[in-house]
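Colleague: input38.cif is the file, holding mmCIF, C-alpha atoms and all ligand atoms:
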data_coords
loop_
_atom_site.label_atom_id
_atom_site.label_comp_id
_atom_site.auth_asym_id
_atom_site.auth_seq_id
_atom_site.Cartn_x
_atom_site.Cartn_y
_atom_site.Cartn_z
CA MET A 8 65.17 142.47 96.64
CA ARG A 9 64.05 144.92 99.30
CA ALA A 10 66.20 148.04 99.26
CA ARG A 11 68.06 148.60 102.49
CA ALA A 12 70.42 151.44 101.52
CA GLN A 13 69.54 153.65 104.51
CA SER A 14 69.98 150.71 106.89
CA ALA A 15 73.39 149.95 105.35
CA ARG A 16 74.47 153.59 105.71
CA LEU A 17 73.44 153.70 109.36
CA MET A 18 75.09 150.35 110.12
CA ALA A 19 78.36 151.64 108.63
CA ARG A 20 78.27 154.55 111.08
CA ALA A 21 77.21 152.21 113.91
CA ARG A 22 80.13 149.85 113.28
CA ALA A 23 82.53 152.75 113.82
CA VAL A 24 81.15 153.43 117.28
CA PHE A 25 79.87 150.05 118.56
CA PRO A 26 81.46 146.59 118.52
CA GLY A 27 79.65 144.86 115.64
CA GLY A 28 77.59 148.01 115.14
CA VAL A 29 75.12 146.95 117.83
CA SER A 30 74.16 147.52 121.46
CA SER A 31 73.58 143.76 122.04
CA PRO A 32 75.27 140.95 120.05
CA VAL A 33 72.40 138.96 118.46
CA ARG A 34 71.19 142.12 116.75
CA ALA A 35 74.19 141.96 114.40
CA PHE A 36 72.69 139.00 112.43
CA ARG A 37 75.92 136.98 112.82
CA GLY A 38 73.78 133.87 113.37
CA VAL A 39 72.22 134.17 109.91
CA GLY A 40 74.67 136.32 107.95
CA GLY A 41 73.87 139.53 106.11
CA GLU A 42 73.09 143.01 107.37
CA PRO A 43 70.51 143.85 110.03
CA PHE A 44 67.75 146.27 109.13
CA VAL A 45 67.59 149.48 111.15
CA ALA A 46 64.23 150.18 112.78
CA ALA A 47 62.43 153.48 112.24
CA ARG A 48 59.18 152.75 114.08
CA GLY A 49 56.77 150.09 115.23
CA ALA A 50 52.98 149.91 115.52
CA GLY A 51 51.00 146.90 116.67
CA ALA A 52 52.36 143.69 115.16
CA ARG A 53 54.51 145.54 112.65
CA LEU A 54 57.91 147.20 112.37
CA TRP A 55 59.19 149.55 109.66
CA ASP A 56 62.84 150.04 108.81
CA VAL A 57 64.52 153.30 107.83
CA ASP A 58 64.09 152.37 104.13
CA GLY A 59 60.32 152.04 104.58
CA ASN A 60 60.18 148.22 104.46
CA GLU A 61 57.44 146.68 106.60
CA TYR A 62 57.81 143.52 108.72
CA ILE A 63 55.43 141.45 110.83
CA ASP A 64 57.46 141.20 114.02
CA TYR A 65 57.78 137.95 115.99
CA VAL A 66 60.80 139.12 118.00
CA LEU A 67 58.94 141.95 119.76
CA SER A 68 62.07 143.46 121.25
CA TRP A 69 63.09 139.92 122.37
CA GLY A 70 59.92 139.33 124.34
CA PRO A 71 58.71 142.41 126.24
CA LEU A 72 56.11 143.75 123.78
CA VAL A 73 53.17 141.48 124.66
CA LEU A 74 50.72 144.20 123.58
CA GLY A 75 52.64 144.89 120.36
CA HIS A 76 54.57 148.02 119.40
CA ALA A 77 53.53 151.42 120.76
CA PRO A 78 50.26 150.32 122.39
CA PRO A 79 48.12 153.41 123.21
CA VAL A 80 47.55 152.28 126.83
CA VAL A 81 51.31 152.24 127.47
CA LEU A 82 51.96 155.51 125.61
CA ASP A 83 49.19 157.21 127.59
CA ALA A 84 50.55 155.89 130.88
CA LEU A 85 54.02 157.18 129.97
CA GLN A 86 52.65 160.60 128.97
CA GLU A 87 50.86 160.86 132.29
CA ALA A 88 53.80 159.62 134.40
CA MET A 89 56.43 161.81 132.78
CA GLN A 90 54.54 165.00 133.64
CA HIS A 91 55.57 164.32 137.23
CA GLY A 92 59.25 163.67 136.57
CA THR A 93 61.46 160.91 135.18
CA SER A 94 63.21 159.65 138.31
CA PHE A 95 62.91 160.38 142.02
CA GLY A 96 65.41 158.22 143.86
CA VAL A 97 62.94 157.93 146.75
CA PRO A 98 59.99 155.56 147.19
CA ALA A 99 57.03 156.32 144.90
CA PRO A 100 53.49 154.93 144.48
CA LEU A 101 53.88 153.22 141.08
CA GLU A 102 56.53 150.76 142.27
CA VAL A 103 54.26 149.59 145.10
CA GLU A 104 51.34 149.23 142.69
CA LEU A 105 53.34 147.19 140.18
CA ALA A 106 54.78 144.95 142.92
CA GLU A 107 51.30 144.33 144.34
CA LEU A 108 49.93 143.52 140.89
CA ILE A 109 52.77 141.07 140.24
CA ARG A 110 52.23 139.41 143.60
CA ALA A 111 48.48 139.13 142.95
CA ARG A 112 49.23 137.12 139.77
CA MET A 113 52.24 135.27 141.22
CA PRO A 114 51.57 134.70 144.94
CA GLN A 115 54.96 133.01 145.42
CA MET A 116 56.51 136.50 145.00
CA GLU A 117 55.87 137.28 148.66
CA MET A 118 58.49 140.03 148.53
CA LEU A 119 60.45 141.33 145.59
CA ARG A 120 62.99 143.92 144.49
CA PHE A 121 62.95 145.83 141.22
CA VAL A 122 66.15 146.09 139.16
CA SER A 123 66.76 147.34 135.62
CA SER A 124 67.74 144.18 133.71
CA GLY A 125 67.23 140.44 133.80
CA THR A 126 70.97 140.06 134.28
CA GLU A 127 70.80 141.98 137.55
CA ALA A 128 67.80 139.94 138.67
CA THR A 129 69.46 136.52 138.24
CA MET A 130 72.78 137.76 139.60
CA SER A 131 71.05 139.02 142.73
CA ALA A 132 68.90 135.89 143.13
CA ILE A 133 71.97 133.64 143.28
CA ARG A 134 73.62 136.01 145.73
CA VAL A 135 70.62 135.52 148.05
CA ALA A 136 70.74 131.74 147.53
CA ARG A 137 74.46 131.67 148.34
CA ALA A 138 73.93 133.76 151.47
CA HIS A 139 71.11 131.50 152.63
CA THR A 140 72.87 128.17 152.02
CA GLY A 141 76.45 129.19 152.73
CA ARG A 142 77.39 127.32 149.54
CA ASP A 143 79.17 128.76 146.51
CA ARG A 144 78.36 126.41 143.64
CA ILE A 145 75.23 126.71 141.49
CA LEU A 146 73.62 124.31 139.03
CA LYS A 147 72.32 125.48 135.67
CA PHE A 148 71.31 123.73 132.44
CA ALA A 149 73.08 123.74 129.08
CA GLY A 150 71.48 126.18 126.65
CA CYS A 151 69.71 128.21 129.34
CA TYR A 152 70.58 131.88 129.32
CA HIS A 153 70.39 133.84 132.53
CA GLY A 154 71.95 137.12 131.42
CA HIS A 155 75.59 138.03 131.02
CA ALA A 156 76.89 137.98 134.59
CA ASP A 157 80.09 135.93 135.04
CA PRO A 158 78.55 132.87 136.75
CA PHE A 159 76.09 132.32 133.90
CA LEU A 160 78.43 132.50 130.90
CA VAL A 161 79.08 128.81 131.10
CA ARG A 162 77.44 126.70 128.39
CA ALA A 163 74.84 129.43 127.92
CA GLY A 164 72.21 129.90 125.23
CA SER A 165 70.98 132.97 123.32
CA GLY A 166 73.76 135.12 121.80
CA VAL A 167 76.44 133.02 123.48
CA ALA A 168 75.14 130.01 121.53
CA THR A 169 74.57 131.98 118.33
CA LEU A 170 78.14 133.23 118.29
CA GLY A 171 79.54 129.84 119.28
CA LEU A 172 81.24 131.12 122.42
CA PRO A 173 80.94 128.17 124.83
CA ASP A 174 82.65 130.16 127.56
CA SER A 175 83.53 133.83 127.49
CA PRO A 176 87.08 135.07 127.94
CA GLY A 177 87.14 137.52 130.82
CA VAL A 178 85.21 135.19 133.12
CA PRO A 179 87.72 134.04 135.75
CA ALA A 180 88.18 130.25 135.73
CA ALA A 181 87.63 130.29 139.49
CA VAL A 182 84.16 131.82 138.96
CA ALA A 183 83.24 129.49 136.08
CA ALA A 184 84.27 126.51 138.22
CA LEU A 185 81.46 127.31 140.63
CA THR A 186 78.85 126.81 137.90
CA LEU A 187 77.85 123.21 137.27
CA THR A 188 75.93 122.44 134.10
CA ALA A 189 73.57 119.54 133.41
CA PRO A 190 71.78 118.74 130.14
CA LEU A 191 68.19 119.98 129.95
CA ASN A 192 65.49 117.51 130.95
CA ASP A 193 68.13 115.23 132.48
CA LEU A 194 67.12 114.74 136.12
CA ALA A 195 69.68 112.02 136.79
CA ALA A 196 72.55 114.29 135.74
CA ALA A 197 71.09 117.17 137.75
CA ALA A 198 70.76 114.98 140.85
CA GLU A 199 74.31 113.73 140.59
CA LEU A 200 75.68 117.29 140.40
CA ALA A 201 73.36 118.71 143.08
CA ARG A 202 74.40 115.96 145.49
CA SER A 203 78.12 116.26 144.79
CA GLY A 204 80.48 117.80 147.37
CA ASP A 205 78.64 119.89 149.93
CA GLY A 206 75.73 120.50 147.52
CA VAL A 207 74.76 123.57 145.51
CA ALA A 208 73.35 126.93 146.62
CA ALA A 209 70.85 127.15 143.79
CA ILE A 210 69.31 125.23 140.95
CA ILE A 211 68.41 127.80 138.30
CA VAL A 212 66.37 127.00 135.21
CA GLU A 213 64.22 128.59 132.52
CA PRO A 214 60.94 126.70 133.16
CA VAL A 215 60.28 126.76 129.42
CA VAL A 216 63.56 127.33 127.64
CA GLY A 217 63.56 130.19 125.16
CA ASN A 218 67.27 130.87 124.78
CA ALA A 219 68.28 127.63 123.05
CA GLY A 220 65.32 127.95 120.72
CA PHE A 221 61.98 126.97 122.25
CA ILE A 222 62.30 123.83 124.42
CA PRO A 223 59.46 122.82 126.77
CA PRO A 224 60.22 120.80 129.92
CA ASP A 225 59.43 117.08 130.11
CA PRO A 226 56.44 116.56 132.45
CA ASP A 227 58.61 115.21 135.30
CA PHE A 228 61.47 117.73 134.93
CA LEU A 229 60.30 120.72 137.01
CA PRO A 230 58.66 118.59 139.75
CA GLY A 231 61.89 116.59 139.82
CA LEU A 232 63.98 119.74 140.27
CA ARG A 233 61.65 120.86 143.10
CA ALA A 234 62.16 117.52 144.87
CA LEU A 235 65.91 117.66 144.26
CA ALA A 236 66.15 121.18 145.72
CA ASP A 237 64.14 120.12 148.79
CA GLU A 238 66.23 117.04 149.36
CA SER A 239 69.60 118.74 148.84
CA GLY A 240 68.83 122.05 150.56
CA ALA A 241 69.32 124.09 147.38
CA VAL A 242 67.24 127.16 146.52
CA LEU A 243 65.14 126.55 143.39
CA ILE A 244 65.19 129.60 141.11
CA PHE A 245 62.84 129.84 138.14
CA ASP A 246 64.29 132.36 135.72
CA GLU A 247 61.03 133.68 134.31
CA VAL A 248 62.55 136.77 132.71
CA MET A 249 61.19 135.44 129.42
CA THR A 250 58.36 133.10 130.49
CA GLY A 251 56.78 135.46 133.06
CA PHE A 252 53.37 136.64 131.76
CA ARG A 253 54.02 134.66 128.58
CA ILE A 254 53.42 130.94 129.35
CA ALA A 255 50.41 131.58 131.64
CA PRO A 256 48.91 134.63 133.39
CA GLY A 257 50.71 133.48 136.55
CA GLY A 258 53.84 132.00 134.92
CA ALA A 259 55.41 128.60 135.58
CA ARG A 260 53.72 128.03 138.94
CA GLU A 261 50.31 128.27 137.29
CA ARG A 262 51.25 126.34 134.16
CA PHE A 263 53.17 123.48 135.80
CA GLY A 264 52.01 123.52 139.42
CA VAL A 265 55.59 123.80 140.67
CA THR A 266 56.58 126.66 142.96
CA ALA A 267 60.11 128.02 142.99
CA ASP A 268 61.74 129.55 146.07
CA LEU A 269 62.90 132.57 144.06
CA THR A 270 61.63 133.85 140.71
CA THR A 271 63.26 136.33 138.37
CA LEU A 272 61.16 138.46 136.03
CA GLY A 273 61.95 140.99 133.31
CA LYS A 274 60.90 141.66 129.72
CA VAL A 275 57.04 141.81 129.88
CA ILE A 276 56.92 143.45 133.34
CA GLY A 277 58.58 146.56 131.90
CA GLY A 278 56.24 146.91 128.93
CA GLY A 279 59.21 147.85 126.70
CA LEU A 280 61.15 149.85 129.28
CA PRO A 281 64.11 148.52 131.29
CA VAL A 282 62.66 146.72 134.32
CA ALA A 283 63.29 143.36 135.94
CA ALA A 284 62.70 141.93 139.40
CA TYR A 285 63.68 139.10 141.69
CA GLY A 286 61.58 137.85 144.53
CA GLY A 287 59.97 134.93 146.28
CA ARG A 288 59.88 133.49 149.78
CA ARG A 289 59.77 136.20 152.42
CA ASP A 290 62.43 134.51 154.57
CA LEU A 291 64.83 134.54 151.61
CA MET A 292 64.09 138.10 150.51
CA ARG A 293 64.68 139.26 154.09
CA TYR A 294 68.39 138.65 153.44
CA VAL A 295 68.37 141.62 151.04
CA ALA A 296 69.69 144.98 152.29
CA PRO A 297 68.60 146.94 154.22
CA ASP A 298 66.51 144.20 155.96
CA GLY A 299 69.47 141.85 155.72
CA PRO A 300 73.18 141.74 154.89
CA VAL A 301 73.01 140.85 151.17
CA TYR A 302 73.87 144.03 149.30
CA GLN A 303 72.06 144.95 146.09
CA ALA A 304 71.11 148.43 144.89
CA GLY A 305 70.22 150.47 141.81
CA THR A 306 70.21 154.21 141.05
CA LEU A 307 67.28 153.93 138.63
CA SER A 308 65.57 150.89 140.19
CA GLY A 309 61.79 151.35 140.35
CA ASN A 310 62.03 154.12 137.77
CA PRO A 311 58.59 155.76 137.52
CA LEU A 312 58.38 155.68 133.71
CA ALA A 313 59.34 152.02 133.62
CA MET A 314 56.87 151.25 136.43
CA ALA A 315 54.10 153.09 134.55
CA ALA A 316 54.77 151.12 131.35
CA GLY A 317 54.85 147.84 133.26
CA LEU A 318 51.64 148.59 135.14
CA ALA A 319 49.76 149.63 132.00
CA THR A 320 50.94 146.45 130.26
CA LEU A 321 50.02 144.04 133.05
CA ARG A 322 46.65 145.75 133.63
CA ALA A 323 45.81 145.34 129.95
CA LEU A 324 47.07 141.74 129.90
CA THR A 325 44.06 140.17 131.60
CA PRO A 326 43.82 136.38 131.78
CA ALA A 327 41.18 136.61 129.01
CA LEU A 328 43.55 138.54 126.74
CA HIS A 329 46.36 136.11 127.60
CA GLU A 330 44.12 133.22 126.52
CA ARG A 331 43.26 134.97 123.27
CA ILE A 332 46.94 135.51 122.37
CA ALA A 333 47.77 131.94 123.42
CA ALA A 334 45.00 130.54 121.20
CA ARG A 335 46.31 132.56 118.23
CA THR A 336 49.81 131.28 118.95
CA THR A 337 48.56 127.69 118.81
CA GLU A 338 46.76 128.49 115.56
CA LEU A 339 49.93 129.90 114.01
CA VAL A 340 52.09 126.96 115.07
CA THR A 341 49.50 124.50 113.72
CA GLY A 342 49.40 126.40 110.43
CA LEU A 343 53.19 126.37 110.11
CA ARG A 344 53.33 122.61 110.78
CA GLU A 345 50.82 122.05 107.97
CA VAL A 346 52.84 124.18 105.55
CA ALA A 347 56.05 122.34 106.46
CA ALA A 348 54.35 118.97 105.98
CA ARG A 349 53.13 120.05 102.54
CA HIS A 350 56.70 120.89 101.52
CA ALA A 351 58.08 117.79 103.25
CA VAL A 352 60.39 120.01 105.30
CA PRO A 353 61.69 118.36 108.51
CA PHE A 354 60.14 120.70 111.05
CA THR A 355 59.14 120.71 114.67
CA ALA A 356 57.25 123.61 116.24
CA ALA A 357 55.67 124.16 119.64
CA SER A 358 54.26 126.89 121.87
CA ALA A 359 53.38 127.70 125.47
CA GLY A 360 51.05 130.65 125.92
CA SER A 361 52.29 133.46 123.69
CA MET A 362 55.82 132.05 123.37
CA TRP A 363 56.66 129.69 120.47
CA GLY A 364 59.46 128.38 118.33
CA PHE A 365 60.50 125.98 115.62
CA PHE A 366 63.46 123.87 114.55
CA PHE A 367 64.33 122.24 111.25
CA ARG A 368 64.43 118.74 112.65
CA ARG A 369 61.96 115.89 112.51
CA GLU A 370 62.47 114.55 116.05
CA PRO A 371 61.31 116.56 119.09
CA VAL A 372 63.93 118.83 120.67
CA ARG A 373 64.50 118.08 124.37
CA SER A 374 68.00 119.43 124.92
CA PHE A 375 70.47 122.01 123.70
CA ALA A 376 72.36 119.21 121.91
CA ASP A 377 69.15 118.35 120.03
CA ALA A 378 68.72 122.03 119.11
CA GLN A 379 72.30 122.19 117.85
CA ALA A 380 71.67 119.06 115.76
CA SER A 381 68.83 120.82 113.91
CA ASP A 382 69.43 122.04 110.34
CA THR A 383 70.80 125.52 111.07
CA ALA A 384 71.87 126.09 107.44
CA ARG A 385 68.26 125.63 106.38
CA PHE A 386 67.23 128.02 109.16
CA ARG A 387 69.50 130.71 107.73
CA ARG A 388 68.06 130.34 104.22
CA VAL A 389 64.46 130.36 105.45
CA PHE A 390 65.18 133.32 107.75
CA HIS A 391 66.33 135.45 104.81
CA ALA A 392 63.46 134.27 102.59
CA LEU A 393 61.02 135.29 105.34
CA LEU A 394 62.66 138.65 105.94
CA GLU A 395 62.55 139.38 102.21
CA ARG A 396 58.78 138.72 102.36
CA GLY A 397 58.23 140.89 105.42
CA VAL A 398 58.25 138.37 108.28
CA TYR A 399 60.82 138.97 111.01
CA VAL A 400 61.73 136.06 113.31
CA ALA A 401 64.84 136.13 115.53
CA PRO A 402 68.06 136.04 113.50
CA SER A 403 69.21 132.80 115.15
CA PRO A 404 67.89 129.24 115.43
CA PHE A 405 68.57 129.45 119.19
CA GLU A 406 65.91 132.02 120.12
CA ALA A 407 62.20 131.71 120.87
CA ALA A 408 59.51 133.69 119.05
CA PHE A 409 56.55 135.56 120.51
CA LEU A 410 53.09 136.74 119.66
CA SER A 411 51.40 139.94 120.80
CA ALA A 412 47.81 141.05 121.30
CA ALA A 413 48.19 142.96 118.03
CA HIS A 414 48.82 139.84 115.91
CA GLY A 415 45.37 139.23 114.41
CA PRO A 416 43.98 136.80 111.82
CA ARG A 417 45.35 138.97 108.99
CA GLU A 418 48.93 138.85 110.30
CA LEU A 419 48.66 135.11 110.88
CA ALA A 420 47.37 134.42 107.37
CA GLU A 421 50.08 136.64 105.86
CA THR A 422 52.75 134.89 107.94
CA ILE A 423 51.62 131.40 106.98
CA ASP A 424 51.66 132.43 103.28
CA CYS A 425 55.18 133.83 103.70
CA PHE A 426 56.41 130.58 105.31
CA ASP A 427 54.79 128.70 102.42
CA ALA A 428 56.72 130.82 99.89
CA ALA A 429 59.93 130.67 101.96
CA PHE A 430 59.78 126.86 102.16
CA GLN A 431 59.17 126.82 98.40
CA VAL A 432 62.39 128.73 97.64
CA ALA A 433 64.57 127.88 100.65
CA GLY A 434 63.11 124.83 102.31
CA ALA A 435 65.05 122.18 100.38
CA ALA A 436 67.89 120.44 102.21
C1 LIG B 501 66.54 138.00 128.50
C2 LIG B 501 66.84 137.05 129.59
C3 LIG B 501 67.71 137.37 130.63
C4 LIG B 501 68.54 138.62 130.64
O1 LIG B 501 67.78 139.77 130.71
P1 LIG B 501 68.47 141.17 130.30
O2 LIG B 501 67.41 142.17 130.62
O3 LIG B 501 68.78 141.06 128.84
O4 LIG B 501 69.69 141.32 131.13
C5 LIG B 501 67.83 136.47 131.68
N1 LIG B 501 67.16 135.32 131.69
C6 LIG B 501 66.31 134.98 130.70
C7 LIG B 501 65.57 133.69 130.78
C8 LIG B 501 66.14 135.82 129.60
O5 LIG B 501 65.33 135.44 128.60
#
Before we go any further, please render this structure as structure tokens.

Modeller:
Amino acid sequence: MRARAQSARLMARARAVFPGGVSSPVRAFRGVGGEPFVAARGAGARLWDVDGNEYIDYVLSWGPLVLGHAPPVVLDALQEAMQHGTSFGVPAPLEVELAELIRARMPQMEMLRFVSSGTEATMSAIRVARAHTGRDRILKFAGCYHGHADPFLVRAGSGVATLGLPDSPGVPAAVAALTLTAPLNDLAAAAELARSGDGVAAIIVEPVVGNAGFIPPDPDFLPGLRALADESGAVLIFDEVMTGFRIAPGGARERFGVTADLTTLGKVIGGGLPVAAYGGRRDLMRYVAPDGPVYQAGTLSGNPLAMAAGLATLRALTPALHERIAARTTELVTGLREVAARHAVPFTAASAGSMWGFFFRREPVRSFADAQASDTARFRRVFHALLERGVYVAPSPFEAAFLSAAHGPRELAETIDCFDAAFQVAGAA
């Protein structure tokens, strides 16, 4: 067994000061049992814990680290930017440069606003949609996670799913009642809800779901939602906090040919620092203060260090590099399917760009209910067998995995061998 005495000591101290010993719930390993390891440092595709154990990392800080840990281009950009100060609270060049770069890759982001977390981005996007439509209700999909703001903690994925909290206490019933939820990939259910009453302000969706495990959309799902939004007067919001700069260089619009009215971004655009954004049609973004009456603000929004990290990351992430990471991701997923087949483990795995995931289930997973019907006990055993061998995937069956530019042939081969060994010891039903 890997020794984790230092991690255990630090977690004991952490539990005295933080609920569950963590700054965000899934980090506590409640979805898989056991103690989390405590990180000391990361470099490239790898993480080391405070006991000196090494892991190939497929969580990558839950998505942002598309270039891997501590990439020199990002560290250099931070060094340079911090010489000039850490926050200004007035307009500064880097925020304009990052916004222009994002818009060049995602032309539907005609105007945008930077915020500091994905939660703020989605919260603000629905505020704009509500102002525009004059409607209060929104439509989301079961298993999608859009951050922890009140309106989204209704049948949500990610940590909410991991911890089995279908709704969170503290969310007023009157707020939760304004959120309608349809099953993923179920256009008929979505249409019925979107057409009910006086309609909905917004239809919000993760274009490729990563917070209920990895669930790609059926081919007609996103075009169907676009048509439904047009017909019912709802604002279509693609929550690309996870998929942005992961599923294609230009996100969902490029991959699926469907354009949302508003898009939320986060994770990759901050290169490991806290940045997110919401944006889209100019006429909608004109509602935002001070151009319009919809209030939204942030003391540290457009923070120069965060902007520098985001810019360095997106500049390095050329379409050619994106393709290279995507090809490696496909290679890994193919390799894992072969290993699972050899061990006769019921397994389904898929990827989109540099985002991937797997379930212990023979049939394809199209909905959150399908994901929940996968063999989660087997997931827990395999998770621990992988961790013991130095492969770190998210500590929950309801999270996607990622690849970075730093995951090379060596890491892939090592990972496939570790899955082989993990299925050997923990793959049986
Ligand atoms: C991570 C995530 C969020 C929330 O972002 P935070 O920065 O954690 O607030 C919202 N939507 C999606 C799709 C996400 O993956």

Colleague: Using all atoms listed in the file, find each residue with an atom at most 8 Å away from ligand LIG 501 (chain B) and format the answer as a ChimeraX atom specification.

Modeller: /A:69-70,123-129,151-155,213,216-218,246-250,271,273-274,281-283

Colleague: Using the selection just defined, write its residues with C-alpha atoms as a CSV table (one decimal), keeping the file's coordinate frame.

Modeller:
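part-v8.csv written:
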chain,number,residue,atom,x,y,z
A,69,TRP,CA,63.1,139.9,122.4
A,70,GLY,CA,59.9,139.3,124.3
A,123,SER,CA,66.8,147.3,135.6
A,124,SER,CA,67.7,144.2,133.7
A,125,GLY,CA,67.2,140.4,133.8
A,126,THR,CA,71.0,140.1,134.3
A,127,GLU,CA,70.8,142.0,137.6
A,128,ALA,CA,67.8,139.9,138.7
A,129,THR,CA,69.5,136.5,138.2
A,151,CYS,CA,69.7,128.2,129.3
A,152,TYR,CA,70.6,131.9,129.3
A,153,HIS,CA,70.4,133.8,132.5
A,154,GLY,CA,72.0,137.1,131.4
A,155,HIS,CA,75.6,138.0,131.0
A,213,GLU,CA,64.2,128.6,132.5
A,216,VAL,CA,63.6,127.3,127.6
A,217,GLY,CA,63.6,130.2,125.2
A,218,ASN,CA,67.3,130.9,124.8
A,246,ASP,CA,64.3,132.4,135.7
A,247,GLU,CA,61.0,133.7,134.3
A,248,VAL,CA,62.6,136.8,132.7
A,249,MET,CA,61.2,135.4,129.4
A,250,THR,CA,58.4,133.1,130.5
A,271,THR,CA,63.3,136.3,138.4
A,273,GLY,CA,62.0,141.0,133.3
A,274,LYS,CA,60.9,141.7,129.7
A,281,PRO,CA,64.1,148.5,131.3
A,282,VAL,CA,62.7,146.7,134.3
A,283,ALA,CA,63.3,143.4,135.9

Colleague: Mind pulling up the distance from atom CA of Phe375 of chain A to atom CA of Leu232 of chain A?

Modeller: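 Distance reported for this atom pair: 17.9 Å.
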
Colleague: If you measure from atom CA of Asp64 of chain A to atom CA of Ala420 of chain A, what distance in Å do you get, rounded to one decimal?

Modeller: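 Answer for the atom CA of Asp64 of chain A to atom CA of Ala420 of chain A separation: 13.9 Å.
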
Colleague: One decimal, in Å: what's the spacing between atom CA of Val103 of chain A and atom CA of Ala313 of chain A?

Modeller: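 Atom CA of Ala313 of chain A lies at a distance of 12.8 Å from atom CA of Val103 of chain A.
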
Colleague: Enclose the full set of atoms of segment 101-119 of chain A listed in the file within a box whose edges lie along x, y and z, apply 3 Å of padding to each of the six sides, and report centre and edge lengths in Å to one decimal as AutoDock Vina command-line options.

Modeller:
--center_x 54.5 --center_y 143.1 --center_z 144.2 --size_x 18.0 --size_y 26.2 --size_z 14.9

Colleague: Using all atoms listed in the file, which of the listed residues (A:Ser374, A:Thr186, A:Ser165, A:Thr320) sits closest to Pro224 of chain A?

Modeller: A:Ser374

Colleague: Nearest residue to Gly415 of chain A out of A:Asn192, A:Thr336, A:Ser14, A:Thr266, using only C-alpha atoms?

Modeller: A:Thr336

Colleague: Nearest to Ile276 of chain A among A:Ile332, A:Ile145, A:Ala319, A:Ala392, with distances taken over only C-alpha atoms: which residue is it?

Modeller: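 Residue with the minimum atom-to-atom distance to Ile276 of chain A: A:Ala319.
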
Colleague: Which residues come within 7 Å of Ser381 of chain A, counting only C-alpha atoms, excluding same-chain residues fewer than 3 positions away, as number ranges by chain?

Modeller: A: 366-368, 377-378

Colleague: Per residue of segment 371-391 of chain A within 12 Å of segment 362-365 of chain A, which atom pair is closest and at what distance in Å (one decimal), using all atoms listed in the file, listed by chain and increasing number, as a Markdown table?

Modeller:
| residue | atom | partner | partner_atom | distance |
| --- | --- | --- | --- | --- |
| A:Pro371 | CA | A:Phe365 | CA | 10.1 |
| A:Val372 | CA | A:Phe365 | CA | 9.4 |
| A:Ala378 | CA | A:Phe365 | CA | 9.8 |
| A:Ser381 | CA | A:Phe365 | CA | 9.9 |
| A:Asp382 | CA | A:Phe365 | CA | 11.1 |
| A:Thr383 | CA | A:Phe365 | CA | 11.3 |
| A:Phe386 | CA | A:Phe365 | CA | 9.5 |
| A:Val389 | CA | A:Phe365 | CA | 11.8 |
| A:Phe390 | CA | A:Phe365 | CA | 11.7 |

Colleague: With C-alpha atoms retained, could you export that selection as a short mmCIF file (atom, residue, chain, number, x, y, z; two decimals), keeping the file's coordinate frame?

Modeller:
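Ended up saving to part36.cif:
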data_model
loop_
_atom_site.label_atom_id
_atom_site.label_comp_id
_atom_site.auth_asym_id
_atom_site.auth_seq_id
_atom_site.Cartn_x
_atom_site.Cartn_y
_atom_site.Cartn_z
CA PRO A 371 61.31 116.56 119.09
CA VAL A 372 63.93 118.83 120.67
CA ALA A 378 68.72 122.03 119.11
CA SER A 381 68.83 120.82 113.91
CA ASP A 382 69.43 122.04 110.34
CA THR A 383 70.80 125.52 111.07
CA PHE A 386 67.23 128.02 109.16
CA VAL A 389 64.46 130.36 105.45
CA PHE A 390 65.18 133.32 107.75
#

Colleague: Please determine, counting all atoms listed in the file, which residue among A:Phe44, A:His350, A:His391, A:Ala88 has the shortest atom-to-atom distance to Pro100 of chain A.

Modeller: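 The closest residue to Pro100 of chain A is A:Ala88.
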
Colleague: Which residues of segment 107-224 of chain A come within 12 Å of segment 253-260 of chain A, and what is each one's closest atom pair and distance in Å (one decimal), counting only C-alpha atoms, sorted by chain and residue number, as a Markdown table?

Modeller:
| residue | atom | partner | partner_atom | distance |
| --- | --- | --- | --- | --- |
| A:Leu108 | CA | A:Gly257 | CA | 11.0 |
| A:Ile109 | CA | A:Gly257 | CA | 8.7 |
| A:Arg110 | CA | A:Gly257 | CA | 9.3 |
| A:Ala111 | CA | A:Gly257 | CA | 8.8 |
| A:Arg112 | CA | A:Gly257 | CA | 5.1 |
| A:Met113 | CA | A:Gly257 | CA | 5.2 |
| A:Pro114 | CA | A:Gly257 | CA | 8.5 |
| A:Gln115 | CA | A:Arg260 | CA | 8.3 |
| A:Met116 | CA | A:Gly257 | CA | 10.7 |
| A:Val212 | CA | A:Ala259 | CA | 11.1 |
| A:Glu213 | CA | A:Ala259 | CA | 9.3 |
| A:Pro214 | CA | A:Ala259 | CA | 6.3 |
| A:Val215 | CA | A:Ile254 | CA | 8.0 |
| A:Val216 | CA | A:Ile254 | CA | 10.9 |
| A:Gly217 | CA | A:Ile254 | CA | 11.0 |
| A:Phe221 | CA | A:Ile254 | CA | 11.8 |
| A:Pro223 | CA | A:Ile254 | CA | 10.4 |
| A:Pro224 | CA | A:Ala259 | CA | 10.8 |

Colleague: With all atoms listed in the file as the atoms that count, which of A:Asp298, A:Glu117, A:Glu395, A:Glu418 lies nearest to Arg53 of chain A?

Modeller: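 Checking each of A:Asp298, A:Glu117, A:Glu395, A:Glu418 against Arg53 of chain A, counting all atoms listed in the file, the winner is A:Glu418.
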
Colleague: Can you list, as a PyMOL selection string, every protein, DNA or RNA residue that comes within 12 Å of Arg385 of chain A when you count only C-alpha atoms, leaving out same-chain residues fewer than 5 positions away?

Modeller: chain A and resi 39+352-354+366-368+380+390-392+403-404+429-430+432-436
